[in-house]
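S.K.: Just so it is clear, I am handing over target_35.txt, which has compact mmCIF, C-alpha atoms.
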# COMPACT_ATOMS: atom_id res chain seq x y z
CA MET A 9 13.70 -2.60 21.89
CA ASN A 10 13.47 -4.94 24.88
CA ILE A 11 10.50 -7.28 25.15
CA TYR A 12 9.14 -8.14 28.60
CA SER A 13 6.77 -10.80 29.89
CA GLY A 14 4.80 -9.20 32.72
CA ASN A 15 7.29 -7.89 35.27
CA LYS A 16 9.86 -10.53 34.45
CA LYS A 17 12.36 -9.74 31.74
CA LEU A 18 12.69 -12.53 29.20
CA LYS A 19 16.12 -14.17 28.93
CA TRP A 20 16.11 -13.67 25.15
CA ASP A 21 16.19 -9.90 24.58
CA ILE A 22 15.41 -8.73 21.06
CA GLN A 23 17.39 -5.66 20.11
CA LEU A 24 15.79 -4.19 17.01
CA PRO A 25 17.11 -0.88 15.68
CA GLU A 26 13.64 -0.17 14.31
CA LYS A 27 10.09 -0.76 15.52
CA VAL A 28 8.37 -0.03 12.21
CA PHE A 29 9.18 -1.95 9.04
CA HIS A 30 8.08 -1.04 5.53
CA ILE A 31 6.89 -4.06 3.57
CA LYS A 32 6.32 -3.94 -0.17
CA GLY A 33 4.83 -6.69 -2.30
CA ALA A 34 4.63 -6.70 -6.09
CA ILE A 35 3.36 -9.16 -8.68
CA ASP A 36 5.28 -9.26 -11.95
CA VAL A 37 3.29 -10.67 -14.87
CA THR A 38 4.92 -11.78 -18.11
CA ASP A 39 4.40 -9.10 -20.77
CA HIS A 40 4.58 -11.47 -23.71
CA LEU A 41 1.92 -13.87 -24.92
CA SER A 42 2.14 -17.11 -23.04
CA VAL A 43 -0.28 -19.81 -22.00
CA PRO A 44 -0.70 -19.93 -19.12
CA VAL A 45 0.24 -16.41 -18.09
CA LYS A 46 3.15 -16.52 -15.65
CA SER A 47 3.49 -14.29 -12.60
CA ASN A 48 6.21 -13.81 -10.01
CA ARG A 49 5.62 -12.38 -6.55
CA ARG A 50 8.37 -10.28 -4.94
CA ILE A 51 8.84 -8.86 -1.42
CA TRP A 52 10.93 -5.96 -0.07
CA VAL A 53 11.63 -5.19 3.60
CA ASN A 54 12.74 -1.61 4.21
CA GLY A 55 13.64 -1.26 0.54
CA ILE A 56 15.77 -4.43 0.41
CA GLU A 57 14.39 -7.32 -1.63
CA VAL A 58 14.12 -10.68 0.12
CA PHE A 59 13.98 -13.98 -1.71
CA PRO A 60 12.09 -17.23 -1.09
CA GLU A 61 15.28 -19.29 -1.33
CA THR A 62 16.48 -17.94 2.05
CA ALA A 63 13.37 -19.32 3.75
CA ASN A 64 13.29 -22.49 1.66
CA LEU A 65 16.74 -23.46 2.97
CA LEU A 66 15.23 -23.66 6.48
CA ARG A 67 11.83 -25.05 5.48
CA PRO A 68 12.25 -26.88 2.14
CA PHE A 69 8.93 -28.61 2.83
CA TYR A 70 7.01 -25.49 1.75
CA GLU A 71 7.00 -24.05 -1.78
CA CYS A 72 9.97 -21.95 -2.92
CA ASN A 73 7.96 -18.93 -3.97
CA PHE A 74 5.93 -16.18 -2.35
CA GLU A 75 2.17 -15.93 -1.79
CA TRP A 76 0.10 -13.67 0.41
CA GLY A 77 -3.49 -12.69 1.07
CA GLU A 78 -6.55 -14.54 2.27
CA LEU A 79 -6.37 -17.25 -0.40
CA ALA A 80 -2.63 -17.88 -0.11
CA GLN A 81 -1.53 -21.50 0.17
CA ASN A 82 1.61 -23.07 1.67
CA ALA A 83 3.92 -20.54 0.02
CA ALA A 84 2.53 -17.96 2.49
CA TYR A 85 4.66 -19.69 5.13
CA THR A 86 7.71 -19.14 2.92
CA THR A 87 6.75 -15.45 2.67
CA ALA A 88 6.39 -15.15 6.44
CA LEU A 89 9.69 -16.91 7.16
CA ALA A 90 11.61 -14.78 4.63
CA ILE A 91 10.24 -11.55 6.14
CA CYS A 92 10.95 -12.75 9.71
CA LEU A 93 14.54 -13.55 8.73
CA ALA A 94 14.93 -10.02 7.36
CA ILE A 95 13.40 -8.41 10.47
CA PHE A 96 14.86 -10.47 13.32
CA LYS A 97 18.25 -11.46 11.81
CA SER A 98 18.07 -14.80 13.68
CA GLU A 99 17.19 -18.10 12.05
CA ARG A 100 15.84 -19.75 15.20
CA LEU A 101 13.80 -16.73 16.28
CA ALA A 102 12.37 -16.46 12.76
CA GLU A 103 11.48 -20.16 12.83
CA ASN A 104 9.75 -19.75 16.19
CA LEU A 105 7.69 -16.75 15.05
CA PHE A 106 6.93 -17.19 11.36
CA VAL A 107 3.77 -19.30 11.75
CA CYS A 108 2.20 -16.61 13.97
CA PHE A 109 3.52 -13.94 11.59
CA LYS A 110 1.85 -15.68 8.67
CA GLU A 111 -1.51 -15.88 10.45
CA GLU A 112 -1.41 -12.32 11.78
CA PHE A 113 0.12 -10.47 8.84
CA VAL A 114 0.82 -12.36 5.62
CA GLN A 115 -2.65 -13.81 5.13
CA ASN A 116 -4.04 -10.31 5.67
CA PHE A 117 -1.81 -8.60 3.10
CA PRO A 118 -3.77 -7.11 0.14
CA GLU A 119 -4.18 -9.62 -2.67
CA GLY A 120 -2.28 -7.60 -5.30
CA ASN A 121 0.56 -5.09 -5.12
CA PHE A 122 0.88 -3.32 -1.77
CA GLU A 123 3.05 -1.13 0.43
CA LEU A 124 2.50 -0.89 4.18
CA ALA A 125 4.19 0.08 7.44
CA MET A 126 4.25 -2.68 10.07
CA GLU A 127 4.72 -1.92 13.79
CA ILE A 128 6.25 -5.01 15.38
CA THR A 129 6.15 -4.35 19.15
CA ARG A 130 2.54 -5.42 19.69
CA PHE A 131 3.15 -8.63 17.73
CA LEU A 132 6.16 -9.55 19.88
CA ASN A 133 4.35 -8.78 23.13
CA LYS A 134 1.37 -10.85 22.00
CA HIS A 135 3.56 -13.85 21.17
CA ASN A 136 6.14 -13.42 23.92
CA SER A 137 6.02 -17.14 24.74
CA ARG A 138 7.73 -17.69 21.37
CA LEU A 139 10.68 -15.59 22.56
CA ASN A 140 11.81 -18.29 25.00
CA PRO A 141 15.49 -18.93 24.16
CA ASP A 142 14.96 -22.63 24.94
CA LEU A 143 12.13 -22.95 22.39
CA TYR A 144 12.72 -24.74 19.09
CA SER A 145 10.43 -25.17 16.09
CA ARG A 146 10.59 -28.24 13.87
CA PHE A 147 8.64 -29.34 10.80
CA CYS A 148 6.38 -32.37 11.24
CA PHE A 149 5.26 -34.18 8.08
CA SER A 150 2.46 -36.02 9.88
CA ALA A 151 0.92 -33.13 11.82
CA ILE A 152 -2.76 -32.76 10.97
CA THR A 153 -2.44 -29.01 10.84
CA SER A 154 -1.97 -26.38 8.20
CA SER A 155 1.35 -25.22 9.64
CA ARG A 156 2.87 -28.65 10.43
CA GLU A 157 5.11 -27.08 13.06
CA ILE A 158 6.01 -28.81 16.33
CA LEU A 159 7.37 -26.77 19.24
CA LEU A 160 9.96 -28.28 21.58
CA ILE A 161 11.61 -27.04 24.79
CA LYS A 162 15.24 -27.88 25.58
CA ASP A 163 16.17 -27.71 29.26
CA PRO A 164 19.32 -25.53 29.41
CA GLU A 165 20.65 -27.43 32.43
CA THR A 166 19.95 -31.07 31.57
CA GLY A 167 19.68 -30.85 27.78
CA LEU A 168 16.39 -32.78 27.90
CA ILE A 169 14.16 -31.99 24.89
CA THR A 170 10.39 -32.20 25.43
CA THR A 171 7.36 -31.66 23.23
CA ASN A 172 3.69 -31.80 24.24
CA LEU A 173 1.88 -33.10 21.15
CA ALA A 174 -1.55 -32.50 22.68
CA GLU A 175 -0.74 -28.80 23.11
CA ASN A 176 0.74 -28.64 19.62
CA TYR A 177 -2.36 -30.22 18.10
CA ALA A 178 -4.68 -27.82 19.93
CA MET A 179 -2.53 -24.77 19.22
CA HIS A 180 -2.37 -25.27 15.47
CA ARG A 181 -6.04 -24.92 14.75
CA GLU A 182 -6.98 -22.28 12.19
CA SER A 183 -7.45 -18.84 13.71
CA ILE A 184 -10.85 -18.27 15.32
CA PRO A 185 -11.56 -14.55 15.99
CA ASN A 186 -13.84 -15.22 18.97
CA ILE A 187 -11.45 -15.78 21.90
CA LYS A 188 -13.94 -17.74 24.03
CA LEU A 189 -14.83 -20.00 21.10
CA ARG A 190 -11.15 -20.47 20.24
CA LYS A 191 -10.28 -21.49 23.82
CA LEU A 192 -13.17 -23.95 23.86
CA ASN A 193 -12.05 -25.42 20.55
CA GLU A 194 -8.46 -25.74 21.78
CA ARG A 195 -9.65 -27.52 24.93
CA LYS A 196 -11.67 -30.02 22.86
CA GLN A 197 -8.73 -30.67 20.53
CA ARG A 198 -6.37 -31.14 23.47
CA LEU A 199 -8.68 -33.66 25.13
CA LEU A 200 -9.22 -35.48 21.83
CA PHE A 201 -5.50 -36.01 21.36
CA ARG A 202 -4.97 -37.08 24.97
CA LEU A 203 -7.73 -39.67 24.63
CA PHE A 204 -5.91 -41.10 21.62
CA ALA A 205 -2.34 -40.93 22.95
CA LYS A 206 -3.20 -41.72 26.60
CA ASP A 207 0.05 -41.05 28.53
CA ASN A 208 2.24 -40.84 25.43
CA TYR A 209 1.48 -37.29 24.29
CA LEU A 210 4.60 -36.01 26.11
CA ILE A 211 7.75 -37.00 24.21
CA SER A 212 11.22 -36.42 25.64
CA GLY A 213 14.79 -37.21 24.68
CA TYR A 214 18.25 -35.76 24.30
CA ASP A 215 18.45 -35.71 20.51
CA PHE A 216 16.24 -33.59 18.22
CA PRO A 217 16.04 -36.14 15.35
CA GLU A 218 15.16 -38.95 17.78
CA VAL A 219 12.44 -36.89 19.49
CA MET A 220 10.98 -35.79 16.15
CA LEU A 221 11.04 -39.38 14.85
CA ARG A 222 8.89 -40.45 17.79
CA ALA A 223 6.64 -37.41 17.32
CA GLU A 224 6.24 -38.25 13.62
CA ASP A 225 5.29 -41.83 14.49
CA LEU A 226 2.59 -40.80 16.96
CA MET A 227 1.22 -38.03 14.71
CA ALA A 228 1.09 -40.44 11.76
CA ARG A 229 -0.89 -42.98 13.78
CA PHE A 230 -3.23 -40.24 14.96
CA TYR A 231 -3.63 -39.04 11.37
CA TRP A 232 -4.59 -42.45 10.01
CA ARG A 233 -6.92 -43.12 12.95
CA SER A 234 -8.67 -39.83 12.18
CA ILE A 235 -8.92 -40.68 8.47
CA GLU A 236 -10.33 -44.09 9.36
CA LYS A 237 -13.02 -42.51 11.53
CA ILE A 238 -13.96 -40.02 8.80
CA ILE A 239 -14.28 -42.75 6.15
CA THR A 240 -16.28 -44.97 8.51
CA ARG A 241 -18.64 -42.10 9.32
CA GLN A 242 -19.15 -41.34 5.64
CA LEU A 243 -19.92 -44.99 4.86
CA VAL A 244 -22.40 -45.18 7.74
CA ASP A 245 -24.13 -42.00 6.59
CA LYS A 246 -24.28 -43.30 3.00
CA TYR A 247 -25.92 -46.57 3.96
CA GLU A 248 -28.35 -44.89 6.35
CA GLU A 249 -29.73 -42.68 3.57
The structure given in the file should be rewritten as structure tokens.

M.R.:
Amino acid sequence: MNIYSGNKKLKWDIQLPEKVFHIKGAIDVTDHLSVPVKSNRRIWVNGIEVFPETANLLRPFYECNFEWGELAQNAAYTTALAICLAIFKSERLAENLFVCFKEEFVQNFPEGNFELAMEITRFLNKHNSRLNPDLYSRFCFSAITSSREILLIKDPETGLITTNLAENYAMHRESIPNIKLRKLNERKQRLLFRLFAKDNYLISGYDFPEVMLRAEDLMARFYWRSIEKIITRQLVDKYEE
């Protein structure tokens, strides 16, 4: 299956032998008396069980167990990454896609046991910008987002690595179904970050750890400035009552 962007074929072709994948989720509950009751969530892709440890090796910052459904917490990212690894057979492609996969699929899985067939072509076409072979995803401790992922582009000719933190901050808002409202929200978030960072929201370098260190520093300062504003606003409101 080749994925295209408009009339231009993407440099990173994805050759999948299948377009439809069968996903099964099951919750095992301890059958003996225990307080509290313990449960273990398991996932199968096309009949083959996948395990959270495979995803946790790439993203040890999330929990090493599975969760899914509307109320799932951080472990839903582990679930998404493990499934993406099983489907795409590429660590970097799975890292680039798993946040979108979590938002589009994992958080919409039924809360309990389930079995479903997942057609993947529409998902890949929708998120074709994530198929850029020069795109890299990295974890950011200081990102004020639920996903904490930062996207970077590495120029194949010069080796220069660049990340736009304003775009990352705007992109990682929680999903808003209304497209017009979502675009408006993204624009506001982008402008907010640019006002804070001024001309420093673009970070470049030739070494991933060095670029991410600078990104962490700026995101941390933005985080604490935001917290400071929230606390100040709460104090003002309290004393005005």

S.K.: Which range 45-81 of chain A residues have any atom within 12 Å of an atom of range 144-147 of chain A, and for each, what is the nearest pair of atoms with distance in Å to one decimal, counting all atoms listed in the file, rows sorted by chain and number, as a tab-separated table?

M.R.:
residue	atom	partner	partner_atom	distance
A:Leu66	CA	A:Phe147	CA	9.7
A:Arg67	CA	A:Phe147	CA	7.5
A:Pro68	CA	A:Phe147	CA	9.7
A:Phe69	CA	A:Phe147	CA	8.0
A:Tyr70	CA	A:Phe147	CA	10.0

S.K.: List the neighbours of range 91-99 of chain A out to 9 Å using all atoms listed in the file; skip same-chain residues closer than 2 positions along the sequence, and give me the result as a ChimeraX atom specification.

M.R.: /A:22-24,29,31,51-53,56,58,62-63,66,86-89,101-106,109

S.K.: As a tab-separated table (two decimals) with C-alpha atoms, in the coordinates of the input, please: the residues near Phe122 in chain A (cut-off 8 Å, only C-alpha atoms, same-chain neighbours under 2 positions excluded).

M.R.:
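For reference, out.tsv as written:
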chain	number	residue	atom	x	y	z
A	32	LYS	CA	6.32	-3.94	-0.17
A	33	GLY	CA	4.83	-6.69	-2.30
A	34	ALA	CA	4.63	-6.70	-6.09
A	117	PHE	CA	-1.81	-8.60	3.10
A	118	PRO	CA	-3.77	-7.11	0.14
A	120	GLY	CA	-2.28	-7.60	-5.30
A	124	LEU	CA	2.50	-0.89	4.18

S.K.: One decimal, in Å: what's the spacing between CA of Asn116 in chain A and CA of Glu78 in chain A?

M.R.: 6.0 Å

S.K.: Go through A:Met220, A:Ala125, A:Leu143, A:Met179 and flag the residue nearest Lys196 in chain A, using all atoms listed in the file for the distances.

M.R.: A:Met179

S.K.: When you draw a straight line from CA of Thr171 in chain A to CA of Arg195 in chain A, how long is it in Å?

M.R.: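 According to the coordinates, CA of Thr171 in chain A and CA of Arg195 in chain A are separated by 17.6 Å.
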
S.K.: Smallest atom-to-atom distance to Pro164 in chain A: which of A:Arg100, A:Val114, A:His30, A:Pro141, using only C-alpha atoms?

M.R.: A:Pro141

S.K.: Could you list, as an MDAnalysis selection string, every residue within 9 Å of Tyr209 in chain A, counting only C-alpha atoms and ignoring same-chain residues fewer than 6 positions away?

M.R.: chainID A and resid 171:175 201:202 223 226

S.K.: Using CA of Glu157 in chain A and CA of Arg50 in chain A as the two end points, give the distance in Å to one decimal.

M.R.: 24.8 Å

S.K.: With distances taken over all atoms listed in the file, which residue among A:Asn121, A:Ser150, A:Asn176, A:Asn54 lies nearest Trp76 in chain A?

M.R.: A:Asn121
